[in-house]
Structures are given as C-alpha cells and as structure tokens.
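input-v7.txt, holding compact mmCIF, C-alpha atoms:
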```txt
# COMPACT_ATOMS: atom_id res chain seq x y z
CA MET A 1 38.51 -27.64 -26.52
CA VAL A 2 37.92 -29.40 -23.15
CA LEU A 3 37.65 -33.21 -23.20
CA CYS A 4 35.79 -35.36 -20.66
CA GLY A 5 38.13 -37.40 -18.56
CA PRO A 6 36.38 -40.81 -18.75
CA CYS A 7 35.05 -40.65 -22.39
CA GLU A 8 37.58 -38.18 -23.83
CA LYS A 9 34.83 -36.40 -25.76
CA GLU A 10 34.29 -32.70 -25.93
CA CYS A 11 32.58 -31.26 -22.89
CA ASN A 12 29.77 -28.86 -23.55
CA ASP A 13 27.37 -27.31 -21.10
CA GLY A 14 26.29 -29.73 -18.39
CA SER A 15 29.81 -30.74 -17.55
CA ILE A 16 31.50 -30.62 -14.14
CA LYS A 17 35.05 -29.67 -13.30
CA CYS A 18 37.21 -31.41 -10.70
CA THR A 19 38.37 -29.08 -7.95
CA GLY A 20 41.10 -31.56 -6.97
CA GLY A 21 44.59 -31.65 -8.26
CA CYS A 22 43.78 -32.84 -11.86
CA GLU A 23 41.41 -29.91 -12.72
CA ARG A 24 39.82 -32.05 -15.46
CA SER A 25 36.20 -31.75 -16.70
CA PHE A 26 33.66 -34.56 -16.70
CA HIS A 27 30.24 -35.17 -18.28
CA LEU A 28 27.61 -35.53 -15.59
CA ASN A 29 26.54 -38.78 -17.17
CA CYS A 30 30.10 -40.10 -17.03
CA VAL A 31 30.26 -39.61 -13.28
CA SER A 32 26.63 -40.46 -12.52
CA ASN A 33 27.74 -43.66 -10.77
CA ASP A 34 29.94 -41.64 -8.37
CA SER A 35 27.31 -41.53 -5.65
CA ASP A 36 29.73 -39.98 -3.18
CA GLY A 37 30.56 -37.17 -5.55
CA LYS A 38 26.95 -36.79 -6.68
CA ILE A 39 25.12 -36.96 -3.34
CA LYS A 40 27.56 -35.67 -0.78
CA ARG A 41 29.39 -33.01 -2.72
CA SER A 42 28.13 -29.94 -4.57
CA THR A 43 29.43 -29.11 -8.05
CA LYS A 44 31.40 -26.24 -6.61
CA ASP A 45 33.78 -28.40 -4.56
CA TRP A 46 33.42 -31.70 -6.38
CA LYS A 47 36.50 -33.85 -6.75
CA PHE A 48 37.18 -36.79 -9.04
CA SER A 49 37.34 -40.05 -7.15
CA GLY A 50 40.94 -40.52 -8.17
CA CYS A 51 41.83 -37.16 -6.66
CA ARG A 52 39.85 -37.93 -3.56
CA THR A 53 41.67 -41.25 -3.04
CA LYS A 54 45.09 -39.68 -3.71
CA PHE A 55 44.68 -36.78 -1.29
CA SER A 56 42.97 -38.98 1.28
CA SER A 57 45.91 -41.36 1.12
CA GLN A 58 48.32 -38.45 1.39
CA GLY A 59 46.32 -37.11 4.35
CA SER A 60 46.39 -40.52 5.99
CA VAL A 61 50.15 -40.77 5.52
CA LYS A 62 50.56 -37.26 6.87
CA SER A 63 48.28 -38.11 9.77
CA THR A 64 50.17 -41.35 10.48
CA THR A 65 53.50 -39.58 10.26
CA SER A 66 52.26 -36.84 12.56
CA SER A 67 50.98 -39.40 15.13
CA SER A 68 54.29 -41.27 15.05
CA ASP A 69 56.19 -38.06 15.64
CA PHE A 70 53.90 -37.22 18.52
CA LEU A 71 54.28 -40.66 20.08
CA PHE A 72 58.03 -40.47 19.63
CA LYS A 73 58.13 -37.11 21.32
CA VAL A 74 55.92 -38.41 24.14
CA LEU A 75 58.17 -41.42 24.58
CA GLU A 76 61.26 -39.23 24.59
CA GLU A 77 59.75 -36.95 27.18
CA PHE A 78 58.68 -39.97 29.21
CA LYS A 79 62.19 -41.38 29.00
CA LYS A 80 63.63 -38.06 30.09
CA ASP A 81 61.19 -37.88 33.02
CA VAL A 82 61.88 -41.47 34.02
CA PHE A 83 65.64 -40.91 33.78
CA SER A 84 65.33 -37.73 35.84
CA GLU A 85 63.20 -39.52 38.43
CA MET A 86 65.62 -42.46 38.53
CA THR A 87 68.55 -40.08 38.97
CA SER A 88 66.74 -38.27 41.77
CA PHE A 89 65.75 -41.60 43.35
CA LYS A 90 69.32 -42.83 43.11
CA SER A 91 70.55 -39.65 44.79
CA GLU A 92 67.95 -39.97 47.55
CA MET A 93 68.82 -43.65 48.06
CA SER A 94 72.48 -42.69 48.29
CA GLU A 95 71.64 -40.08 50.96
CA ILE A 96 69.47 -42.60 52.82
CA SER A 97 72.26 -45.17 52.62
CA THR A 98 74.70 -42.62 54.03
CA SER A 99 72.26 -41.76 56.85
CA VAL A 100 71.67 -45.44 57.63
CA GLN A 101 75.42 -46.05 57.73
CA TYR A 102 75.85 -43.05 60.03
CA VAL A 103 73.15 -44.35 62.38
CA SER A 104 74.67 -47.84 62.22
CA ASP A 105 78.10 -46.46 63.12
CA LYS A 106 76.60 -44.52 66.02
CA LEU A 107 74.78 -47.63 67.25
CA ASP A 108 78.01 -49.60 67.08
CA ALA A 109 79.79 -46.88 69.04
CA SER A 110 76.94 -46.81 71.58
CA THR A 111 77.09 -50.59 71.92
CA LEU A 112 80.82 -50.45 72.60
CA LEU A 113 80.29 -47.64 75.11
CA MET A 114 77.55 -49.64 76.87
CA GLU A 115 79.86 -52.65 77.04
CA GLU A 116 82.55 -50.48 78.62
CA VAL A 117 80.03 -49.00 81.07
CA ARG A 118 78.73 -52.48 81.94
CA SER A 119 82.28 -53.72 82.48
CA LYS A 120 83.08 -50.73 84.72
CA PHE A 121 79.82 -51.25 86.59
CA ASP A 122 80.68 -54.91 87.21
CA GLU A 123 84.09 -53.87 88.52
CA LEU A 124 82.53 -51.25 90.78
CA GLN A 125 80.03 -53.81 92.06
CA LYS A 126 82.84 -56.18 92.95
CA GLU A 127 84.76 -53.36 94.62
CA ASN A 128 81.62 -52.32 96.47
CA ILE A 129 81.10 -55.88 97.75
CA LEU A 130 84.71 -56.00 98.95
CA LEU A 131 84.45 -52.57 100.56
CA LYS A 132 81.18 -53.54 102.21
CA ALA A 133 82.77 -56.68 103.62
CA LYS A 134 85.77 -54.67 104.84
CA ASN A 135 83.45 -52.06 106.34
CA GLU A 136 81.49 -54.73 108.19
CA THR A 137 84.74 -56.22 109.47
CA LEU A 138 86.01 -52.80 110.56
CA SER A 139 82.67 -51.99 112.17
CA LYS A 140 82.84 -55.21 114.16
CA GLU A 141 86.40 -54.44 115.14
CA VAL A 142 85.43 -50.92 116.22
CA ILE A 143 82.51 -52.25 118.25
CA ASP A 144 84.77 -54.88 119.79
CA LEU A 145 87.34 -52.21 120.71
CA GLN A 146 84.61 -50.01 122.16
CA GLU A 147 83.37 -52.91 124.28
CA ARG A 148 86.90 -53.67 125.44
CA MET A 149 87.48 -50.03 126.32
CA ARG A 150 84.17 -49.92 128.17
CA ASN A 151 85.10 -53.05 130.13
CA LEU A 152 88.58 -51.71 130.93
CA GLU A 153 87.16 -48.43 132.15
CA GLN A 154 84.72 -50.34 134.32
CA TYR A 155 87.39 -52.71 135.61
CA SER A 156 89.31 -49.74 137.00
CA ARG A 157 86.24 -49.07 139.16
CA VAL A 158 85.65 -52.67 140.23
CA LYS A 159 86.19 -51.91 143.96
CA ASN A 160 84.29 -48.62 143.98
CA ILE A 161 80.75 -47.74 144.98
CA GLN A 162 78.77 -44.64 144.10
CA ILE A 163 76.73 -42.94 146.84
CA SER A 164 74.04 -40.42 145.94
CA GLY A 165 71.43 -38.62 148.03
CA LEU A 166 73.63 -37.35 150.87
CA PRO A 167 73.72 -33.54 151.07
CA VAL A 168 77.02 -31.67 150.80
CA THR A 169 77.96 -29.84 153.99
CA LYS A 170 80.61 -27.30 154.82
CA ASN A 171 83.86 -28.73 156.14
CA GLU A 172 82.47 -32.28 155.95
CA ASN A 173 84.67 -35.23 156.84
CA VAL A 174 84.21 -37.87 154.18
CA SER A 175 85.61 -40.72 156.29
CA GLU A 176 83.25 -39.94 159.16
CA LEU A 177 80.33 -39.57 156.74
CA VAL A 178 81.08 -42.99 155.21
CA ALA A 179 81.37 -44.51 158.70
CA ASP A 180 77.98 -43.05 159.63
CA LEU A 181 76.50 -44.44 156.42
CA GLY A 182 77.98 -47.88 157.22
CA ALA A 183 76.48 -47.76 160.69
CA ALA A 184 73.08 -46.87 159.20
CA LEU A 185 73.36 -49.91 156.96
CA GLY A 186 74.61 -52.14 159.76
CA VAL A 187 78.06 -52.60 158.23
CA GLU A 188 81.13 -52.56 160.44
CA MET A 189 84.17 -51.33 158.57
CA LYS A 190 87.64 -49.87 158.75
CA GLU A 191 89.25 -47.23 156.55
CA THR A 192 91.02 -49.88 154.51
CA ASP A 193 87.96 -52.02 153.95
CA PHE A 194 87.04 -50.30 150.70
CA SER A 195 90.11 -51.67 149.05
CA THR A 196 88.42 -55.04 148.71
CA LYS A 197 85.74 -56.12 146.26
CA GLY A 198 84.06 -58.14 148.98
CA MET A 199 83.35 -55.05 151.10
CA LYS A 200 81.91 -53.29 148.06
CA GLU A 201 79.47 -56.16 147.49
CA GLN A 202 78.51 -56.13 151.16
CA TRP A 203 77.63 -52.43 151.04
CA ILE A 204 75.53 -52.80 147.89
CA THR A 205 73.73 -55.86 149.29
CA LYS A 206 72.92 -54.09 152.59
CA ALA A 207 71.68 -51.00 150.70
CA ARG A 208 69.31 -53.16 148.62
CA GLN A 209 68.03 -54.88 151.73
CA LYS A 210 67.44 -51.55 153.45
CA LYS A 211 65.53 -50.23 150.41
CA SER A 212 64.19 -47.10 152.13
CA LEU A 213 67.51 -45.70 153.41
CA THR A 214 67.36 -41.90 153.80
CA ALA A 215 69.88 -39.16 154.60
CA ARG A 216 68.14 -38.65 157.98
CA ASP A 217 69.13 -42.26 158.84
CA VAL A 218 72.76 -41.28 158.36
CA ASN A 219 72.62 -37.94 160.22
CA GLN A 220 69.72 -36.53 162.19
CA HIS A 221 70.43 -33.08 160.76
CA PHE A 222 70.07 -34.24 157.16
CA PRO A 223 66.75 -34.04 155.25
CA ILE A 224 64.55 -37.02 154.66
CA GLN A 225 65.58 -38.01 151.15
CA ARG A 226 66.49 -41.34 149.58
CA VAL A 227 70.09 -42.46 149.57
CA TYR A 228 71.27 -44.81 146.82
CA ILE A 229 74.37 -47.01 146.80
CA ASN A 230 75.33 -48.58 143.49
CA ASP A 231 78.27 -49.72 141.42
CA HIS A 232 80.60 -46.95 140.36
CA LEU A 233 79.89 -47.09 136.64
CA SER A 234 82.11 -45.54 133.97
CA PRO A 235 80.56 -42.71 131.94
CA GLU A 236 80.05 -45.07 129.01
CA ASN A 237 78.38 -47.67 131.20
CA LYS A 238 76.14 -45.02 132.78
CA LEU A 239 74.94 -44.15 129.30
CA PHE A 240 74.56 -47.84 128.49
CA LEU A 241 72.44 -48.43 131.61
CA ALA A 242 70.28 -45.37 130.84
CA LYS A 243 69.59 -46.69 127.33
CA LEU A 244 68.86 -50.15 128.68
CA LYS A 245 66.35 -48.75 131.17
CA GLN A 246 64.65 -46.71 128.44
CA LYS A 247 64.46 -49.77 126.20
CA GLY A 248 63.05 -51.77 129.11
CA ARG A 249 60.30 -49.18 129.68
CA ASP A 250 59.49 -49.12 125.96
CA ILE A 251 59.00 -52.90 125.68
CA GLY A 252 57.48 -53.51 129.11
CA TYR A 253 60.38 -54.89 131.17
CA LYS A 254 59.80 -54.56 134.88
CA PHE A 255 63.38 -55.12 136.08
CA VAL A 256 66.57 -53.61 134.64
CA TRP A 257 69.75 -53.36 136.75
CA SER A 258 73.55 -53.50 136.86
CA ARG A 259 75.81 -55.48 139.20
CA ASP A 260 79.58 -55.43 139.29
CA GLY A 261 79.68 -53.60 135.96
CA LYS A 262 77.39 -56.11 134.27
CA PHE A 263 73.84 -55.50 133.06
CA PHE A 264 70.69 -57.56 133.38
CA ALA A 265 67.00 -57.41 132.50
CA ARG A 266 63.91 -59.42 133.40
CA LYS A 267 60.44 -58.83 132.06
CA ALA A 268 58.46 -59.96 135.10
CA GLU A 269 58.71 -61.97 138.32
CA GLY A 270 59.58 -65.58 137.54
CA ASP A 271 60.83 -64.80 134.01
CA PRO A 272 64.40 -65.72 133.07
CA VAL A 273 67.10 -63.09 133.60
CA LYS A 274 68.76 -61.86 130.40
CA LYS A 275 72.35 -60.66 130.46
CA ILE A 276 72.95 -57.63 128.26
CA VAL A 277 76.59 -57.31 127.25
CA THR A 278 76.73 -55.20 124.09
CA TYR A 279 74.69 -52.56 122.30
CA GLU A 280 73.74 -55.26 119.82
CA ASP A 281 72.23 -57.26 122.69
CA LEU A 282 70.38 -54.14 123.76
CA ASP A 283 68.95 -53.61 120.27
CA LYS A 284 67.83 -57.24 120.05
CA LEU A 285 66.09 -57.20 123.43
CA LYS A 286 62.40 -58.13 123.04
```

Would you encode the structure as structure tokens?
Amino acid sequence: MVLCGPCEKECNDGSIKCTGGCERSFHLNCVSNDSDGKIKRSTKDWKFSGCRTKFSSQGSVKSTTSSSDFLFKVLEEFKKDVFSEMTSFKSEMSEISTSVQYVSDKLDASTLLMEEVRSKFDELQKENILLKAKNETLSKEVIDLQERMRNLEQYSRVKNIQISGLPVTKNENVSELVADLGAALGVEMKETDFSTKGMKEQWITKARQKKSLTARDVNQHFPIQRVYINDHLSPENKLFLAKLKQKGRDIGYKFVWSRDGKFFARKAEGDPVKKIVTYEDLDKLK
C-alpha cells in the first residue's frame, strides 16, 4: 500500500509520484497549493518541493564550489604569469643596467682620453708658440745676415764702375779704351785714378750729365749705341735693383736708381726720395 506524503493516507488513482530523490506519492489535492509543481512541471517529471529545494541547494553549493575552483585556478595562473613577467622584467632590467654601466664606463674612459688629448694639445700649442717665436727670431737673423753679406759684397766693389755698351774688339787695349771713354766724358785721368772712390763718383756724375753718350763718341769706328756707366753692383744687389725697378713700374714710380751701392726711389718730380735698404722696405713700398 502506497501512502500520501503529506496526509499519510492510501493513494489511489489520481495520485502523483515524485521523480526526485524521495520517490514518494502524493494526492493531487495535497499538492494543489504547489503552484510551481502544478503549473510549471508536468506529472512525468514532477518533484516534491522538498526535493526541489534540496537538489537546488546542492546544485548551488556545487556551482559555488566550481566557481571558487575556477577563480582559484585563474588567480594561480595570473600569479604564475605575473611572476614570469616579473622575472623576465628583472632579467631585462639587469641587462639594461649592465649595458648602461658599460656605456658609462666607456664615457668615463672617453672623458679621460679627451682630457689627455686636451692636455697634449695645450702643450703642443705652447711649443708651437715658442717655435714660432724662435722661427721669427731666426728668420730675422737670417735676413740680417743676408743683408750684411750683401753689403760686404758691395763694399768690395766700392771703388769700381761698370761700363756697358762698348763693343768687344780683337786685341783691344783696355787701358786705352778707358782713356778714350774718359776723354769722351771730359774726364782727365791717370792709370791709378781708379783706385779712389772720388774718381769713381766723378765718372758716374759725368756719364749722367752726358746722358746720350754712345760708343761712336768713344771711337769713330764703333756703332752708334748707348753707353752706360754705373756702380759695379754685386750679383745680389743687381737682383735687388731689378726687383726694385719692377716694383716701381707696378706701383707707378717714375724714378728708381742706385748710387754707391745704395738704392732709392721717387714717385714723381718734387716728391720725397725714399731710401730702400732691405727686401722688407721693398715689399712695403707704396
């Protein structure tokens, strides 16, 4: 005999059986107030409210337990990922720190090297200044020696004159030729007269006064060509005079000449005469 759960009376036809865990039978009237069981469930899968609450609670616990396990697993995975990332980050930071230290060491080494280079450069600059000063001193000394040598070479010719324009003849007699030249200039002389500086000046003065002296004036058999009588300049002074004349032409000087081994220039008639002693004077001539 099957008894109804709520009323505990015998269940005849018209009863309903719980499909939950209790498997009890119920009169339809006894469970008429169970609107959830009556409306929402069919008699085939109907469950007593007590069974529904029990299994629902069990399902909720299972669901809660399952969610907690899932969250725990997620958190564990997250922790593992974070730890892995932190480890990787720490490794990268260590590498970066090593690289930065390497670069810093190189910069320090470069700074020291630059300081050494700067110090060497300062020393070289000082040495260069000293060498430049010594070079200038030596250059001045060399120029001074050259000027002294030029003056000494010229001094050895202080009593000499240089005659140009007379033709060379066979078996010529130089003494007679010089005598004829003196006569053409109006200078009376003896063989020994050229040993004095005064006679040299007299010849040069007469030649400048004559201006148009020719070889024909000296000998009627000679051609008509200009004869020049000047100081007997040393090779260095000849070059110096040539450069002075060229400089004079370049800057418009009308008069450039030498006298007694000394050199002069004048731009135009009435202008002051400038004495040119050294190559530096020549370069500065304006």

Self-check item: atom CA of A:Ser234 to atom CA of A:Arg157, distance in Å rounded to a single decimal
Solution: 7.5 Å

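Atom to atom, atom CA of A:Glu116 and atom CA of A:Ile129 stand 19.9 Å apart.
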
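Candidate residues A:Glu76, A:Val256, A:Asp281, A:Phe89 were compared for distance to A:Ala242, and the nearest is A:Val256, using only C-alpha atoms.
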
Could you write out as JSON the box around stretch 210-222 of chain A (axis-aligned, all atoms listed in the file, 4 Å on each side), with centre and edge lengths in Å to one decimal?
```
{"center_x": 68.5, "center_y": -42.3, "center_z": 156.3, "size_x": 16.6, "size_y": 26.5, "size_z": 19.8}
```

Self-check item: Shell around A:Gln209 at 12 Å using only C-alpha atoms, local window under 3 positions removed, as a PyMOL selection string
Solution: chain A and resi 185-186+202-206+212-213+228-229

Quiz item: Which polymer residues have any atom within 12 Å of an atom of A:Asp271, counting all atoms listed in the file, with same-chain residues fewer than 6 positions away left out, as number ranges by chain?
Solution: A: 253-255, 265

List the spatial neighbours of A:Arg259 as an mmCIF file with C-alpha atoms, in the coordinates of the input - criterion: any atom at most 10 Å away, all atoms listed in the file, same-chain residues fewer than 5 positions off excluded.
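Resulting contents of part25.cif:
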```cif
data_model
loop_
_atom_site.group_PDB
_atom_site.id
_atom_site.type_symbol
_atom_site.label_atom_id
_atom_site.label_comp_id
_atom_site.auth_asym_id
_atom_site.auth_seq_id
_atom_site.Cartn_x
_atom_site.Cartn_y
_atom_site.Cartn_z
ATOM 1 C CA GLU A 201 79.470 -56.160 147.490
ATOM 2 C CA ILE A 204 75.530 -52.800 147.890
ATOM 3 C CA ASN A 230 75.330 -48.580 143.490
ATOM 4 C CA ASP A 231 78.270 -49.720 141.420
ATOM 5 C CA HIS A 232 80.600 -46.950 140.360
ATOM 6 C CA LEU A 233 79.890 -47.090 136.640
ATOM 7 C CA PHE A 264 70.690 -57.560 133.380
#
```

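Closest to A:Cys51 among A:Glu23, A:Asp108, A:Glu10, A:Glu77 is A:Glu23, based on only C-alpha atoms.
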
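Atom pair atom CA of A:Arg226 / atom CA of A:Arg208 has a distance of 12.2 Å (rounded to one decimal).
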
Quiz prompt | Selection: 12 Å around A:Glu8, all atoms listed in the file, excl. self and same-chain fewer than 5 positions, as a ChimeraX atom specification | solution = /A:1-3,24-27,30

Reconstruct stretch 79-103 of chain A at the level of N, CA, C and O atoms, and format the result as an mmCIF file, in the frame of the given file.
```
data_model
loop_
_atom_site.group_PDB
_atom_site.id
_atom_site.type_symbol
_atom_site.label_atom_id
_atom_site.label_comp_id
_atom_site.auth_asym_id
_atom_site.auth_seq_id
_atom_site.Cartn_x
_atom_site.Cartn_y
_atom_site.Cartn_z
ATOM 1 N N LYS A 79 60.874 -40.858 28.670
ATOM 2 C CA LYS A 79 62.190 -41.380 29.000
ATOM 3 C C LYS A 79 63.004 -40.363 29.801
ATOM 4 O O LYS A 79 63.686 -40.709 30.763
ATOM 5 N N LYS A 80 62.923 -39.107 29.360
ATOM 6 C CA LYS A 80 63.630 -38.060 30.090
ATOM 7 C C LYS A 80 63.125 -37.950 31.527
ATOM 8 O O LYS A 80 63.908 -37.831 32.482
ATOM 9 N N ASP A 81 61.785 -37.971 31.670
ATOM 10 C CA ASP A 81 61.190 -37.880 33.020
ATOM 11 C C ASP A 81 61.607 -39.058 33.884
ATOM 12 O O ASP A 81 61.947 -38.906 35.066
ATOM 13 N N VAL A 82 61.517 -40.263 33.268
ATOM 14 C CA VAL A 82 61.880 -41.470 34.020
ATOM 15 C C VAL A 82 63.353 -41.414 34.422
ATOM 16 O O VAL A 82 63.728 -41.739 35.561
ATOM 17 N N PHE A 83 64.212 -41.009 33.485
ATOM 18 C CA PHE A 83 65.640 -40.910 33.780
ATOM 19 C C PHE A 83 65.903 -39.898 34.887
ATOM 20 O O PHE A 83 66.712 -40.122 35.788
ATOM 21 N N SER A 84 65.183 -38.758 34.810
ATOM 22 C CA SER A 84 65.330 -37.730 35.840
ATOM 23 C C SER A 84 64.881 -38.249 37.206
ATOM 24 O O SER A 84 65.540 -38.027 38.218
ATOM 25 N N GLU A 85 63.713 -38.958 37.179
ATOM 26 C CA GLU A 85 63.200 -39.520 38.430
ATOM 27 C C GLU A 85 64.149 -40.572 38.983
ATOM 28 O O GLU A 85 64.389 -40.646 40.193
ATOM 29 N N MET A 86 64.686 -41.422 38.091
ATOM 30 C CA MET A 86 65.620 -42.460 38.530
ATOM 31 C C MET A 86 66.886 -41.840 39.098
ATOM 32 O O MET A 86 67.425 -42.310 40.102
ATOM 33 N N THR A 87 67.364 -40.773 38.465
ATOM 34 C CA THR A 87 68.550 -40.080 38.970
ATOM 35 C C THR A 87 68.295 -39.490 40.348
ATOM 36 O O THR A 87 69.106 -39.603 41.272
ATOM 37 N N SER A 88 67.117 -38.857 40.470
ATOM 38 C CA SER A 88 66.740 -38.270 41.770
ATOM 39 C C SER A 88 66.592 -39.365 42.821
ATOM 40 O O SER A 88 67.049 -39.223 43.958
ATOM 41 N N PHE A 89 65.952 -40.473 42.425
ATOM 42 C CA PHE A 89 65.750 -41.600 43.350
ATOM 43 C C PHE A 89 67.083 -42.185 43.795
ATOM 44 O O PHE A 89 67.290 -42.510 44.970
ATOM 45 N N LYS A 90 67.990 -42.310 42.791
ATOM 46 C CA LYS A 90 69.320 -42.830 43.110
ATOM 47 C C LYS A 90 70.045 -41.926 44.083
ATOM 48 O O LYS A 90 70.713 -42.388 45.019
ATOM 49 N N SER A 91 69.916 -40.607 43.889
ATOM 50 C CA SER A 91 70.550 -39.650 44.790
ATOM 51 C C SER A 91 69.960 -39.749 46.197
ATOM 52 O O SER A 91 70.686 -39.739 47.199
ATOM 53 N N GLU A 92 68.614 -39.856 46.252
ATOM 54 C CA GLU A 92 67.950 -39.970 47.550
ATOM 55 C C GLU A 92 68.358 -41.271 48.249
ATOM 56 O O GLU A 92 68.596 -41.294 49.466
ATOM 57 N N MET A 93 68.417 -42.361 47.477
ATOM 58 C CA MET A 93 68.820 -43.650 48.060
ATOM 59 C C MET A 93 70.247 -43.580 48.577
ATOM 60 O O MET A 93 70.578 -44.162 49.618
ATOM 61 N N SER A 94 71.098 -42.849 47.849
ATOM 62 C CA SER A 94 72.480 -42.690 48.290
ATOM 63 C C SER A 94 72.528 -41.924 49.617
ATOM 64 O O SER A 94 73.274 -42.278 50.539
ATOM 65 N N GLU A 95 71.701 -40.862 49.726
ATOM 66 C CA GLU A 95 71.640 -40.080 50.960
ATOM 67 C C GLU A 95 71.102 -40.935 52.110
ATOM 68 O O GLU A 95 71.609 -40.877 53.238
ATOM 69 N N ILE A 96 70.055 -41.728 51.784
ATOM 70 C CA ILE A 96 69.470 -42.600 52.820
ATOM 71 C C ILE A 96 70.500 -43.625 53.267
ATOM 72 O O ILE A 96 70.643 -43.918 54.462
ATOM 73 N N SER A 97 71.232 -44.192 52.288
ATOM 74 C CA SER A 97 72.260 -45.170 52.620
ATOM 75 C C SER A 97 73.330 -44.565 53.515
ATOM 76 O O SER A 97 73.785 -45.177 54.494
ATOM 77 N N THR A 98 73.710 -43.321 53.200
ATOM 78 C CA THR A 98 74.700 -42.620 54.030
ATOM 79 C C THR A 98 74.168 -42.399 55.442
ATOM 80 O O THR A 98 74.882 -42.597 56.435
ATOM 81 N N SER A 99 72.885 -41.998 55.540
ATOM 82 C CA SER A 99 72.260 -41.760 56.850
ATOM 83 C C SER A 99 72.179 -43.059 57.648
ATOM 84 O O SER A 99 72.464 -43.084 58.854
ATOM 85 N N VAL A 100 71.779 -44.142 56.953
ATOM 86 C CA VAL A 100 71.670 -45.440 57.630
ATOM 87 C C VAL A 100 73.039 -45.891 58.133
ATOM 88 O O VAL A 100 73.175 -46.399 59.258
ATOM 89 N N GLN A 101 74.059 -45.682 57.316
ATOM 90 C CA GLN A 101 75.420 -46.050 57.730
ATOM 91 C C GLN A 101 75.866 -45.224 58.922
ATOM 92 O O GLN A 101 76.507 -45.734 59.852
ATOM 93 N N TYR A 102 75.508 -43.930 58.909
ATOM 94 C CA TYR A 102 75.850 -43.050 60.030
ATOM 95 C C TYR A 102 75.197 -43.534 61.325
ATOM 96 O O TYR A 102 75.841 -43.639 62.374
ATOM 97 N N VAL A 103 73.882 -43.853 61.206
ATOM 98 C CA VAL A 103 73.150 -44.350 62.380
ATOM 99 C C VAL A 103 73.738 -45.673 62.847
ATOM 100 O O VAL A 103 73.905 -45.922 64.052
#
```
